[in-house]
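S.K.: Hey, dropping target.txt in here, compact mmCIF, C-alpha atoms and all ligand atoms:
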```txt
# COMPACT_ATOMS: atom_id res chain seq x y z
CA MET A 1 7.16 -26.88 -18.51
CA ILE A 2 7.08 -23.11 -19.02
CA LEU A 3 9.91 -21.01 -20.38
CA ALA A 4 9.40 -17.59 -18.76
CA VAL A 5 10.85 -14.21 -19.73
CA GLU A 6 11.03 -11.06 -17.57
CA THR A 7 12.37 -7.72 -18.85
CA SER A 8 10.04 -5.18 -17.21
CA CYS A 9 12.73 -3.04 -15.59
CA ASP A 10 16.48 -3.45 -15.10
CA GLU A 11 16.82 -7.23 -14.85
CA THR A 12 16.96 -9.49 -17.90
CA SER A 13 15.76 -12.88 -16.74
CA VAL A 14 14.71 -16.21 -18.26
CA ALA A 15 13.62 -19.28 -16.33
CA VAL A 16 12.30 -22.77 -16.90
CA VAL A 17 9.60 -23.75 -14.40
CA LYS A 18 7.94 -27.15 -14.16
CA GLY A 19 4.37 -27.53 -12.93
CA GLY A 20 4.29 -23.93 -11.66
CA LYS A 21 6.34 -24.93 -8.61
CA GLN A 22 9.71 -26.40 -9.55
CA ILE A 23 12.50 -24.09 -10.74
CA LEU A 24 14.69 -25.91 -13.26
CA SER A 25 16.66 -22.77 -14.09
CA ASN A 26 16.37 -19.08 -13.28
CA VAL A 27 19.02 -16.90 -14.92
CA VAL A 28 19.03 -13.23 -13.86
CA SER A 29 21.28 -10.60 -15.39
CA SER A 30 21.12 -7.37 -13.41
CA GLN A 31 21.89 -4.00 -14.99
CA ILE A 32 22.38 -2.23 -11.66
CA ASP A 33 26.04 -1.40 -12.37
CA VAL A 34 25.00 0.32 -15.64
CA HIS A 35 22.31 2.50 -14.02
CA GLU A 36 24.13 3.16 -10.74
CA ARG A 37 25.99 6.24 -11.92
CA PHE A 38 22.70 7.86 -13.01
CA GLY A 39 21.14 7.27 -9.59
CA GLY A 40 18.19 5.37 -11.09
CA VAL A 41 17.05 3.28 -14.04
CA VAL A 42 17.40 5.02 -17.44
CA PRO A 43 14.65 3.44 -19.60
CA GLU A 44 16.40 3.76 -22.95
CA ILE A 45 19.59 2.17 -21.62
CA ALA A 46 17.55 -0.61 -19.97
CA SER A 47 15.95 -1.52 -23.33
CA ARG A 48 19.30 -1.60 -25.12
CA LYS A 49 20.84 -3.82 -22.45
CA HIS A 50 17.88 -6.22 -22.67
CA VAL A 51 18.40 -6.46 -26.45
CA GLU A 52 22.10 -7.24 -25.92
CA THR A 53 21.58 -9.99 -23.37
CA ILE A 54 18.19 -11.64 -23.94
CA THR A 55 19.33 -14.31 -26.43
CA LEU A 56 22.31 -15.36 -24.33
CA ILE A 57 20.23 -15.49 -21.15
CA MET A 58 17.58 -17.55 -22.97
CA GLU A 59 20.15 -20.06 -24.19
CA GLN A 60 21.68 -20.33 -20.73
CA ALA A 61 18.30 -20.84 -19.05
CA VAL A 62 17.44 -23.69 -21.41
CA ARG A 63 20.91 -25.24 -20.98
CA ASP A 64 20.77 -24.99 -17.16
CA SER A 65 17.33 -26.61 -17.08
CA GLY A 66 18.70 -29.85 -18.54
CA TYR A 67 15.96 -29.83 -21.18
CA GLU A 68 15.66 -28.55 -24.72
CA LEU A 69 13.47 -25.92 -26.35
CA LYS A 70 11.29 -28.65 -27.87
CA ASP A 71 10.34 -29.80 -24.35
CA MET A 72 8.63 -26.49 -23.48
CA SER A 73 4.81 -26.50 -23.20
CA ALA A 74 4.40 -22.70 -23.29
CA ILE A 75 6.29 -19.40 -23.35
CA ALA A 76 5.39 -16.86 -20.65
CA VAL A 77 6.41 -13.23 -20.68
CA THR A 78 5.83 -10.18 -18.50
CA GLN A 79 3.27 -8.04 -20.33
CA GLY A 80 3.19 -5.25 -17.71
CA PRO A 81 3.41 -3.18 -15.64
CA GLY A 82 6.90 -1.92 -16.36
CA LEU A 83 8.89 0.27 -18.73
CA VAL A 84 7.28 -0.04 -22.14
CA GLY A 85 10.52 -0.26 -24.14
CA ALA A 86 11.96 -2.83 -21.73
CA LEU A 87 8.79 -4.97 -21.77
CA LEU A 88 8.79 -4.89 -25.55
CA VAL A 89 12.17 -6.65 -25.80
CA GLY A 90 10.98 -9.63 -23.75
CA ILE A 91 7.66 -9.74 -25.57
CA VAL A 92 9.24 -9.84 -29.03
CA ALA A 93 11.65 -12.57 -27.92
CA ALA A 94 8.81 -14.60 -26.36
CA LYS A 95 6.55 -14.22 -29.41
CA SER A 96 9.34 -15.38 -31.72
CA LEU A 97 9.90 -18.50 -29.62
CA SER A 98 6.19 -19.22 -29.33
CA LEU A 99 5.81 -18.97 -33.11
CA ALA A 100 8.93 -20.99 -33.90
CA LEU A 101 8.13 -23.78 -31.43
CA ASP A 102 4.38 -23.67 -32.08
CA VAL A 103 3.53 -23.53 -28.37
CA PRO A 104 1.13 -21.14 -26.59
CA LEU A 105 2.15 -17.65 -25.45
CA ILE A 106 1.09 -16.42 -22.01
CA GLY A 107 1.23 -12.67 -21.28
CA THR A 108 1.78 -12.40 -17.53
CA HIS A 109 1.26 -9.72 -14.90
CA HIS A 110 4.46 -8.68 -13.11
CA ILE A 111 2.79 -8.29 -9.70
CA ALA A 112 1.03 -11.65 -10.03
CA GLY A 113 4.58 -12.93 -10.53
CA HIS A 114 5.86 -11.29 -7.32
CA ILE A 115 2.90 -12.79 -5.41
CA TYR A 116 3.20 -16.28 -6.93
CA ALA A 117 6.97 -16.33 -6.21
CA ASN A 118 5.68 -17.64 -2.87
CA GLU A 119 4.20 -20.69 -4.62
CA LEU A 120 7.74 -21.72 -5.65
CA VAL A 121 8.59 -22.38 -2.00
CA HIS A 122 5.29 -22.79 -0.08
CA ASP A 123 1.77 -24.04 -0.68
CA LEU A 124 -0.67 -21.15 -0.73
CA GLU A 125 -3.94 -21.37 1.19
CA TYR A 126 -6.89 -19.16 0.30
CA PRO A 127 -8.05 -16.60 1.16
CA CYS A 128 -4.64 -15.01 1.59
CA LEU A 129 -3.35 -11.46 1.58
CA ALA A 130 -0.20 -10.27 -0.21
CA LEU A 131 1.79 -7.19 0.76
CA VAL A 132 3.65 -6.26 -2.42
CA VAL A 133 6.53 -3.87 -1.80
CA SER A 134 8.95 -3.04 -4.58
CA GLY A 135 10.61 -0.16 -6.38
CA GLY A 136 7.50 0.47 -8.46
CA HIS A 137 4.66 -0.92 -6.32
CA THR A 138 3.13 -0.87 -2.87
CA GLU A 139 -0.09 -2.82 -2.79
CA LEU A 140 -2.24 -4.95 -0.53
CA VAL A 141 -3.77 -7.68 -2.69
CA LEU A 142 -6.50 -10.05 -1.50
CA LEU A 143 -6.61 -13.48 -3.14
CA GLU A 144 -9.99 -15.04 -2.35
CA ARG A 145 -9.25 -17.99 -4.62
CA GLU A 146 -6.30 -19.22 -6.65
CA GLY A 147 -5.45 -16.67 -9.34
CA SER A 148 -8.09 -14.16 -8.23
CA PHE A 149 -6.61 -10.77 -7.35
CA ARG A 150 -8.36 -7.88 -5.60
CA VAL A 151 -6.29 -4.78 -4.87
CA ILE A 152 -7.62 -3.44 -1.54
CA GLY A 153 -4.87 -0.87 -0.93
CA ARG A 154 -2.24 0.91 -2.96
CA THR A 155 0.15 3.82 -2.71
CA ARG A 156 -1.24 7.19 -3.69
CA ASP A 157 2.20 8.56 -4.57
CA ASP A 158 5.66 6.99 -4.16
CA ALA A 159 6.21 3.24 -3.93
CA VAL A 160 8.08 2.14 -0.79
CA GLY A 161 11.24 1.18 -2.70
CA GLU A 162 11.12 4.48 -4.56
CA ALA A 163 10.92 6.37 -1.23
CA TYR A 164 13.88 4.34 0.06
CA ASP A 165 15.89 5.15 -3.06
CA LYS A 166 15.05 8.88 -2.91
CA VAL A 167 15.95 9.15 0.78
CA ALA A 168 19.17 7.23 0.14
CA ARG A 169 20.01 9.62 -2.68
CA ALA A 170 19.50 12.61 -0.37
CA LEU A 171 21.93 10.95 2.05
CA LYS A 172 24.37 10.45 -0.86
CA LEU A 173 24.19 6.67 -0.62
CA PRO A 174 24.61 4.51 -3.75
CA TYR A 175 21.70 3.26 -5.89
CA PRO A 176 19.65 1.22 -5.16
CA GLY A 177 19.47 2.76 -1.72
CA GLY A 178 17.12 0.40 0.12
CA PRO A 179 19.76 -2.00 1.45
CA HIS A 180 21.97 0.93 2.59
CA ILE A 181 19.17 2.59 4.58
CA ASP A 182 18.31 -0.82 6.04
CA ARG A 183 21.92 -1.29 7.21
CA LEU A 184 22.24 2.28 8.58
CA ALA A 185 18.93 1.91 10.46
CA ALA A 186 20.14 -1.29 12.11
CA GLU A 187 23.29 0.49 13.32
CA ALA A 188 21.48 3.53 14.78
CA ALA A 189 21.34 4.12 18.52
CA THR A 190 18.35 6.48 18.27
CA ALA A 191 15.62 7.31 15.78
CA THR A 192 14.64 10.74 14.46
CA VAL A 193 10.91 11.21 15.08
CA LEU A 194 9.08 11.40 11.74
CA PRO A 195 5.38 11.44 10.79
CA ARG A 196 3.26 8.41 9.80
CA ALA A 197 0.76 8.74 6.95
CA TRP A 198 -2.27 6.78 8.18
CA LEU A 199 -4.74 8.46 5.74
CA GLU A 200 -8.47 7.85 6.42
CA ALA A 201 -9.22 5.54 9.36
CA ASP A 202 -10.65 2.75 7.17
CA SER A 203 -8.20 3.10 4.27
CA TYR A 204 -5.66 0.45 3.28
CA ASP A 205 -3.95 2.93 0.97
CA PHE A 206 -0.43 4.22 1.55
CA SER A 207 1.40 7.50 1.03
CA PHE A 208 5.14 7.96 1.36
CA SER A 209 5.85 11.29 -0.31
CA GLY A 210 5.09 13.30 2.87
CA LEU A 211 7.53 11.16 4.82
CA LYS A 212 10.17 11.63 2.11
CA SER A 213 9.64 15.43 2.28
CA ALA A 214 9.94 15.31 6.09
CA VAL A 215 13.31 13.54 5.73
CA LEU A 216 14.51 16.13 3.21
CA ALA A 217 13.37 18.92 5.56
CA VAL A 218 15.43 17.46 8.44
CA ILE A 219 18.50 17.24 6.16
CA ASN A 220 18.10 20.86 4.96
CA GLN A 221 17.41 22.31 8.41
CA THR A 222 20.40 20.52 9.92
CA ARG A 223 22.63 21.86 7.14
CA MET A 224 21.30 25.41 7.49
CA LYS A 225 22.00 25.38 11.22
CA GLY A 226 25.52 24.12 10.52
CA LEU A 227 24.92 21.03 12.66
CA GLU A 228 26.13 17.52 11.98
CA LEU A 229 23.49 15.20 10.58
CA ASP A 230 22.90 11.92 12.42
CA GLU A 231 22.33 9.92 9.26
CA ALA A 232 21.81 6.61 11.01
CA ALA A 233 19.13 8.07 13.32
CA LEU A 234 17.39 9.59 10.30
CA ALA A 235 17.51 6.29 8.40
CA ARG A 236 16.07 4.49 11.41
CA GLY A 237 13.33 7.09 11.88
CA PHE A 238 12.38 6.77 8.21
CA GLN A 239 12.42 2.98 8.31
CA GLU A 240 10.38 2.86 11.53
CA SER A 241 7.71 5.10 10.03
CA VAL A 242 7.49 2.98 6.85
CA ILE A 243 7.36 -0.30 8.77
CA ASP A 244 4.83 0.92 11.34
CA VAL A 245 2.34 1.84 8.60
CA LEU A 246 2.97 -1.25 6.41
CA VAL A 247 2.69 -3.71 9.29
CA THR A 248 -0.32 -2.08 10.98
CA LYS A 249 -2.36 -1.83 7.76
CA SER A 250 -1.45 -5.36 6.61
CA LEU A 251 -2.48 -6.91 9.92
CA ARG A 252 -5.72 -4.89 10.03
CA ALA A 253 -6.60 -6.01 6.49
CA ALA A 254 -5.66 -9.62 7.25
CA LYS A 255 -7.99 -9.66 10.24
CA ALA A 256 -10.85 -7.92 8.45
CA HIS A 257 -10.75 -10.48 5.60
CA GLY A 258 -10.09 -13.54 7.75
CA VAL A 259 -7.11 -14.65 5.66
CA LYS A 260 -5.18 -17.87 6.27
CA GLN A 261 -1.77 -16.53 5.26
CA LEU A 262 0.05 -13.23 4.82
CA LEU A 263 2.49 -13.14 1.88
CA LEU A 264 5.32 -10.62 1.69
CA CYS A 265 6.85 -10.05 -1.74
CA GLY A 266 8.78 -7.63 -3.98
CA GLY A 267 12.31 -6.24 -3.63
CA VAL A 268 11.64 -4.43 -0.33
CA ALA A 269 10.73 -7.81 1.23
CA ALA A 270 14.51 -8.12 1.66
CA ASN A 271 14.32 -5.37 4.32
CA SER A 272 15.46 -6.84 7.63
CA GLY A 273 13.46 -4.41 9.77
CA LEU A 274 10.24 -5.09 7.86
CA ARG A 275 10.73 -8.86 8.03
CA ALA A 276 11.41 -8.77 11.78
CA ALA A 277 8.43 -6.53 12.54
CA LEU A 278 6.03 -8.60 10.41
CA GLU A 279 7.32 -11.87 11.89
CA ALA A 280 6.74 -10.57 15.42
CA ARG A 281 3.22 -9.27 14.72
CA CYS A 282 2.16 -12.35 12.75
CA GLU A 283 3.40 -14.59 15.56
CA GLU A 284 1.34 -12.61 18.09
CA GLU A 285 -1.72 -13.01 15.87
CA ALA A 286 -0.94 -16.68 15.02
CA LEU A 287 -1.06 -15.73 11.32
CA PRO A 288 1.28 -17.73 9.05
CA LEU A 289 3.70 -15.38 7.24
CA LEU A 290 5.26 -16.44 3.93
CA ILE A 291 8.34 -14.70 2.52
CA PRO A 292 10.21 -16.05 -0.52
CA PRO A 293 14.02 -16.26 -0.34
CA GLY A 294 15.83 -13.06 -1.38
CA LYS A 295 16.58 -14.04 -4.99
CA LEU A 296 12.87 -14.72 -5.61
CA CYS A 297 11.84 -11.38 -4.01
CA THR A 298 13.66 -9.22 -6.55
CA ASP A 299 12.71 -9.34 -10.25
CA ASN A 300 13.24 -12.78 -11.79
CA ALA A 301 11.59 -14.91 -14.47
CA ALA A 302 10.82 -17.94 -12.27
CA MET A 303 8.08 -15.93 -10.56
CA ILE A 304 6.61 -15.14 -14.00
CA GLY A 305 6.61 -18.87 -14.78
CA ALA A 306 4.80 -19.57 -11.48
CA ALA A 307 2.07 -17.01 -12.23
CA ALA A 308 1.75 -18.06 -15.89
CA HIS A 309 1.02 -21.60 -14.75
CA LEU A 310 -2.35 -20.32 -13.45
CA LYS A 311 -3.25 -19.58 -17.07
CA LEU A 312 -1.62 -22.69 -18.57
CA LYS A 313 -3.74 -24.90 -16.26
CA ARG A 314 -6.87 -23.17 -17.56
CA GLU A 315 -5.71 -22.99 -21.17
CA CYS A 316 -5.96 -19.19 -21.17
CA TYR A 317 -3.47 -18.12 -23.79
CA SER A 318 -2.46 -14.85 -25.44
CA ASP A 319 -2.22 -14.41 -29.18
CA LEU A 320 0.62 -12.93 -31.20
CA GLU A 321 -1.11 -9.53 -31.08
CA LEU A 322 -0.04 -9.28 -27.40
CA LYS A 323 1.09 -5.74 -26.59
CA ALA A 324 3.34 -4.42 -23.83
CA ASP A 325 1.04 -2.73 -21.32
CA PRO A 326 2.76 -0.47 -18.75
CA GLY A 327 -0.56 0.00 -16.94
CA LEU A 328 -1.83 -3.61 -17.07
CA SER A 329 -4.53 -4.17 -14.44
CA LEU A 330 -3.89 -6.98 -11.94
CA GLU A 331 -7.60 -7.49 -11.27
CA GLU A 332 -8.37 -7.90 -14.97
CA TRP A 333 -5.54 -10.41 -15.29
CA SER A 334 -7.27 -12.62 -12.67
CA VAL A 335 -8.23 -16.15 -13.69
CA ASP A 336 -11.66 -16.81 -12.31
CA GLU A 337 -12.58 -19.93 -14.26
CA PRO A 338 -13.04 -22.94 -11.97
CA LEU A 339 -10.24 -25.42 -12.59
CA GLU A 340 -12.45 -28.56 -12.64
CA GLN A 341 -13.48 -28.07 -16.25
CA PHE A 342 -9.90 -28.24 -17.48
CA PRO A 343 -7.78 -31.36 -17.88
CA LYS A 344 -4.93 -31.68 -15.37
CA GLN A 345 -1.62 -30.35 -16.75
O1 LIG B 401 11.10 -5.78 -6.85
P1 LIG B 401 12.33 -5.03 -7.22
O2 LIG B 401 13.60 -5.81 -7.45
O3 LIG B 401 12.11 -4.22 -8.53
C1 LIG B 401 10.89 -3.61 -8.83
O4 LIG B 401 10.01 -4.31 -9.42
O5 LIG B 401 10.75 -2.44 -8.46
O6 LIG B 401 12.56 -3.93 -6.07
C2 LIG B 401 13.65 -3.05 -6.05
C3 LIG B 401 13.51 -2.09 -4.87
C4 LIG B 401 14.51 -0.95 -4.87
O7 LIG B 401 13.80 0.25 -4.68
C5 LIG B 401 15.44 -1.24 -3.69
O8 LIG B 401 15.96 -0.09 -3.07
C6 LIG B 401 14.50 -1.98 -2.76
O9 LIG B 401 13.73 -2.81 -3.62
N1 LIG B 401 15.21 -2.80 -1.77
C7 LIG B 401 15.16 -2.56 -0.43
C8 LIG B 401 16.00 -3.51 0.19
N2 LIG B 401 16.54 -4.30 -0.80
C9 LIG B 401 16.03 -3.84 -1.98
N3 LIG B 401 14.48 -1.64 0.27
C10 LIG B 401 14.61 -1.64 1.59
N4 LIG B 401 15.42 -2.51 2.27
C11 LIG B 401 16.13 -3.45 1.62
N5 LIG B 401 16.92 -4.31 2.30
ZN ZN B 402 9.26 -6.19 -9.56
```
Mind converting the file's structure to structure tokens?
Ligand code: KG4
Ligand code: ZN
M.R.:
Amino acid sequence: MILAVETSCDETSVAVVKGGKQILSNVVSSQIDVHERFGGVVPEIASRKHVETITLIMEQAVRDSGYELKDMSAIAVTQGPGLVGALLVGIVAAKSLSLALDVPLIGTHHIAGHIYANELVHDLEYPCLALVVSGGHTELVLLEREGSFRVIGRTRDDAVGEAYDKVARALKLPYPGGPHIDRLAAEAATATVLPRAWLEADSYDFSFSGLKSAVLAVINQTRMKGLELDEAALARGFQESVIDVLVTKSLRAAKAHGVKQLLLCGGVAANSGLRAALEARCEEEALPLLIPPGKLCTDNAAMIGAAAHLKLKRECYSDLELKADPGLSLEEWSVDEPLEQFPKQ
């Protein structure tokens, strides 16, 4: 039984996860209403809010689980990537609990969490490929074995969610903008034609800043000409460009690596257009597509518990020197030890 803590950005979350698969509780306190009026997450405010809520959320997560603190086998906490001040709050809370209860501490990678959120609802088969799309990340991650992560593609500039939020801001939509663009795009009768950033022919990398600039250029030119902006068509054009590139590159990588499953994860996995397009293409290719339910796609601690279980099974623990690491490498966090040499947990 792992008690997991996640405070990397603007959600304070604590969960109790059994055996890496069963969620006993998963309490998430979102700060969106606090950051909304600033149009984005203000790091200093995020840290303060985490400090205010972490103890209450922890108590509630333990209560909801039906167990007690003494029943926990380990404490997991997001070590990075994320906002350093925000990470620190969760880390200090987790270290205190680990010390007080005398149970191991497991520093956990946030993206490994997003990927292993899938394990809370499906059984993963290897090799598999994960498309991670969130406010801070856009990555294609190959998992050749359980717990082994190889980043084969990443964004060279903006993350997808970040591009969504910036475009939404230019259209004066509320933060976070992703869901609003998604809704507008679905309502549109036509789509503004916008470029696609394919990069080099063999690259699995992404780039969204050019697309964002193209959207801003359309908005400015329309204004300068005194014309009325078709916001829905622009949202649809933007969304189609994003989806076209994400889907095409993911399917090409999946084929090249002969994977058994494609996993979609991160906050942008809630996007209806992206889900529909991936479902259609994966069905054509007879490739199983796994997508966690919405509340496990956005930041939550249950996913951290699921990823931390990889380390608990192998008895790979952190010590109390654990530091928040905003640039923590996913590949280095991999667990490559064969499981056979460890007793079953
Ligand atoms: O994974 P997440 O909760 O936090 C990070 O770790 O970043 O992702 C949040 C991001 C935001 O940028 C938000 O606009 C985007 O996910 N998002 C969406 C949708 N729902 C949330 N983007 C596009 N379409 C959506 N339906
Ligand atoms: Zn996240």
S.K.: Taking only C-alpha atoms and all ligand atoms into account, which residues have an atom no farther than 7 Å from ligand LIG 401 (chain B)? I'd like them as an mmCIF file with C-alpha atoms, keeping the file's coordinate frame.
M.R.:
```cif
data_model
loop_
_atom_site.group_PDB
_atom_site.id
_atom_site.type_symbol
_atom_site.label_atom_id
_atom_site.label_comp_id
_atom_site.auth_asym_id
_atom_site.auth_seq_id
_atom_site.Cartn_x
_atom_site.Cartn_y
_atom_site.Cartn_z
ATOM 1 C CA CYS A 9 12.730 -3.040 -15.590
ATOM 2 C CA SER A 134 8.950 -3.040 -4.580
ATOM 3 C CA GLY A 135 10.610 -0.160 -6.380
ATOM 4 C CA GLY A 136 7.500 0.470 -8.460
ATOM 5 C CA HIS A 137 4.660 -0.920 -6.320
ATOM 6 C CA GLY A 161 11.240 1.180 -2.700
ATOM 7 C CA GLU A 162 11.120 4.480 -4.560
ATOM 8 C CA TYR A 164 13.880 4.340 0.060
ATOM 9 C CA ASP A 165 15.890 5.150 -3.060
ATOM 10 C CA PRO A 176 19.650 1.220 -5.160
ATOM 11 C CA GLY A 177 19.470 2.760 -1.720
ATOM 12 C CA GLY A 178 17.120 0.400 0.120
ATOM 13 C CA PRO A 179 19.760 -2.000 1.450
ATOM 14 C CA ILE A 181 19.170 2.590 4.580
ATOM 15 C CA ASP A 182 18.310 -0.820 6.040
ATOM 16 C CA GLY A 266 8.780 -7.630 -3.980
ATOM 17 C CA GLY A 267 12.310 -6.240 -3.630
ATOM 18 C CA VAL A 268 11.640 -4.430 -0.330
ATOM 19 C CA ALA A 269 10.730 -7.810 1.230
ATOM 20 C CA ALA A 270 14.510 -8.120 1.660
ATOM 21 C CA ASN A 271 14.320 -5.370 4.320
ATOM 22 C CA SER A 272 15.460 -6.840 7.630
ATOM 23 C CA CYS A 297 11.840 -11.380 -4.010
ATOM 24 C CA THR A 298 13.660 -9.220 -6.550
ATOM 25 C CA ASP A 299 12.710 -9.340 -10.250
#
```
S.K.: Any idea what the distance is between atom CA of Met1 of chain A and atom CA of Ser334 of chain A?
M.R.: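 Calculated distance between atom CA of Met1 of chain A and atom CA of Ser334 of chain A is 21.1 Å.
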S.K.: From the list A:Gly80, A:Ile106, A:Asp64, A:Asp325, which residue is nearest ligand ZN 402 (chain B) when using all atoms listed in the file?
M.R.: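 Closest to ligand ZN 402 (chain B), using all atoms listed in the file: A:Gly80.
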S.K.: Which residue, A:Lys49, A:Arg252, A:Lys295, A:Arg183, has the smallest gap to Ile32 of chain A when you use all atoms listed in the file?
M.R.: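 Distance minimum relative to Ile32 of chain A lands on A:Lys49.
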S.K.: For the point (0.6, -20.5, -28.7) in the file's frame, write as a PyMOL selection string all residues with an atom no more than 12 Å away, counting only C-alpha atoms.
M.R.: chain A and resi 2+72-76+94-107+312+315-322
S.K.: Hey, can you spit out that residue selection with C-alpha atoms as an mmCIF file, keeping the file's coordinate frame?
M.R.:
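Produced file result-v4.cif, reproduced below:
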```cif
data_model
loop_
_atom_site.group_PDB
_atom_site.id
_atom_site.type_symbol
_atom_site.label_atom_id
_atom_site.label_comp_id
_atom_site.auth_asym_id
_atom_site.auth_seq_id
_atom_site.Cartn_x
_atom_site.Cartn_y
_atom_site.Cartn_z
ATOM 1 C CA ILE A 2 7.080 -23.110 -19.020
ATOM 2 C CA MET A 72 8.630 -26.490 -23.480
ATOM 3 C CA SER A 73 4.810 -26.500 -23.200
ATOM 4 C CA ALA A 74 4.400 -22.700 -23.290
ATOM 5 C CA ILE A 75 6.290 -19.400 -23.350
ATOM 6 C CA ALA A 76 5.390 -16.860 -20.650
ATOM 7 C CA ALA A 94 8.810 -14.600 -26.360
ATOM 8 C CA LYS A 95 6.550 -14.220 -29.410
ATOM 9 C CA SER A 96 9.340 -15.380 -31.720
ATOM 10 C CA LEU A 97 9.900 -18.500 -29.620
ATOM 11 C CA SER A 98 6.190 -19.220 -29.330
ATOM 12 C CA LEU A 99 5.810 -18.970 -33.110
ATOM 13 C CA ALA A 100 8.930 -20.990 -33.900
ATOM 14 C CA LEU A 101 8.130 -23.780 -31.430
ATOM 15 C CA ASP A 102 4.380 -23.670 -32.080
ATOM 16 C CA VAL A 103 3.530 -23.530 -28.370
ATOM 17 C CA PRO A 104 1.130 -21.140 -26.590
ATOM 18 C CA LEU A 105 2.150 -17.650 -25.450
ATOM 19 C CA ILE A 106 1.090 -16.420 -22.010
ATOM 20 C CA GLY A 107 1.230 -12.670 -21.280
ATOM 21 C CA LEU A 312 -1.620 -22.690 -18.570
ATOM 22 C CA GLU A 315 -5.710 -22.990 -21.170
ATOM 23 C CA CYS A 316 -5.960 -19.190 -21.170
ATOM 24 C CA TYR A 317 -3.470 -18.120 -23.790
ATOM 25 C CA SER A 318 -2.460 -14.850 -25.440
ATOM 26 C CA ASP A 319 -2.220 -14.410 -29.180
ATOM 27 C CA LEU A 320 0.620 -12.930 -31.200
ATOM 28 C CA GLU A 321 -1.110 -9.530 -31.080
ATOM 29 C CA LEU A 322 -0.040 -9.280 -27.400
#
```
S.K.: Find the distance between atom CA of Pro292 of chain A and atom CA of Ala112 of chain A and write it in Å to one decimal.
M.R.: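 Between atom CA of Pro292 of chain A and atom CA of Ala112 of chain A the gap works out to 13.9 Å.
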S.K.: With all atoms of segment 30-46 of chain A from the file as input, state the centre and edge lengths in Å to one decimal of the axis-aligned box that has 8 Å extra on each side, as lines of an AutoDock Vina configuration file.
M.R.:
```
center_x = 20.3
center_y = 0.2
center_z = -16.3
size_x = 27.4
size_y = 31.2
size_z = 29.4
```
S.K.: Complete the atom set of segment 262-266 of chain A to all heavy atoms and return it as a PDB file, keeping the file's coordinate frame.
M.R.:
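Listing of selection_33.pdb after writing:
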```pdb
ATOM      1  N   LEU A 262      -0.386 -14.535   5.307  1.00  0.00           N
ATOM      2  CA  LEU A 262       0.050 -13.230   4.820  1.00  0.00           C
ATOM      3  C   LEU A 262       1.313 -13.477   3.994  1.00  0.00           C
ATOM      4  O   LEU A 262       2.236 -14.165   4.452  1.00  0.00           O
ATOM      5  CB  LEU A 262       0.341 -12.286   5.992  1.00  0.00           C
ATOM      6  CG  LEU A 262       0.830 -10.890   5.618  1.00  0.00           C
ATOM      7  CD1 LEU A 262      -0.211 -10.121   4.812  1.00  0.00           C
ATOM      8  CD2 LEU A 262       1.179 -10.079   6.875  1.00  0.00           C
ATOM      9  N   LEU A 263       1.341 -12.946   2.771  1.00  0.00           N
ATOM     10  CA  LEU A 263       2.490 -13.140   1.880  1.00  0.00           C
ATOM     11  C   LEU A 263       3.217 -11.815   1.738  1.00  0.00           C
ATOM     12  O   LEU A 263       2.583 -10.792   1.477  1.00  0.00           O
ATOM     13  CB  LEU A 263       2.007 -13.543   0.475  1.00  0.00           C
ATOM     14  CG  LEU A 263       1.525 -14.956   0.173  1.00  0.00           C
ATOM     15  CD1 LEU A 263       0.516 -15.461   1.166  1.00  0.00           C
ATOM     16  CD2 LEU A 263       0.947 -15.013  -1.236  1.00  0.00           C
ATOM     17  N   LEU A 264       4.542 -11.836   1.911  1.00  0.00           N
ATOM     18  CA  LEU A 264       5.320 -10.620   1.690  1.00  0.00           C
ATOM     19  C   LEU A 264       6.115 -10.833   0.409  1.00  0.00           C
ATOM     20  O   LEU A 264       6.745 -11.873   0.237  1.00  0.00           O
ATOM     21  CB  LEU A 264       6.269 -10.396   2.874  1.00  0.00           C
ATOM     22  CG  LEU A 264       7.174  -9.170   2.782  1.00  0.00           C
ATOM     23  CD1 LEU A 264       6.354  -7.884   2.769  1.00  0.00           C
ATOM     24  CD2 LEU A 264       8.165  -9.131   3.946  1.00  0.00           C
ATOM     25  N   CYS A 265       6.088  -9.860  -0.499  1.00  0.00           N
ATOM     26  CA  CYS A 265       6.850 -10.050  -1.740  1.00  0.00           C
ATOM     27  C   CYS A 265       7.285  -8.726  -2.364  1.00  0.00           C
ATOM     28  O   CYS A 265       6.811  -7.666  -1.966  1.00  0.00           O
ATOM     29  CB  CYS A 265       6.038 -10.866  -2.732  1.00  0.00           C
ATOM     30  SG  CYS A 265       4.361 -10.316  -2.920  1.00  0.00           S
ATOM     31  N   GLY A 266       8.198  -8.813  -3.337  1.00  0.00           N
ATOM     32  CA  GLY A 266       8.780  -7.630  -3.980  1.00  0.00           C
ATOM     33  C   GLY A 266      10.157  -7.347  -3.363  1.00  0.00           C
ATOM     34  O   GLY A 266      10.496  -7.885  -2.305  1.00  0.00           O
TER      35      GLY A 266
END
```
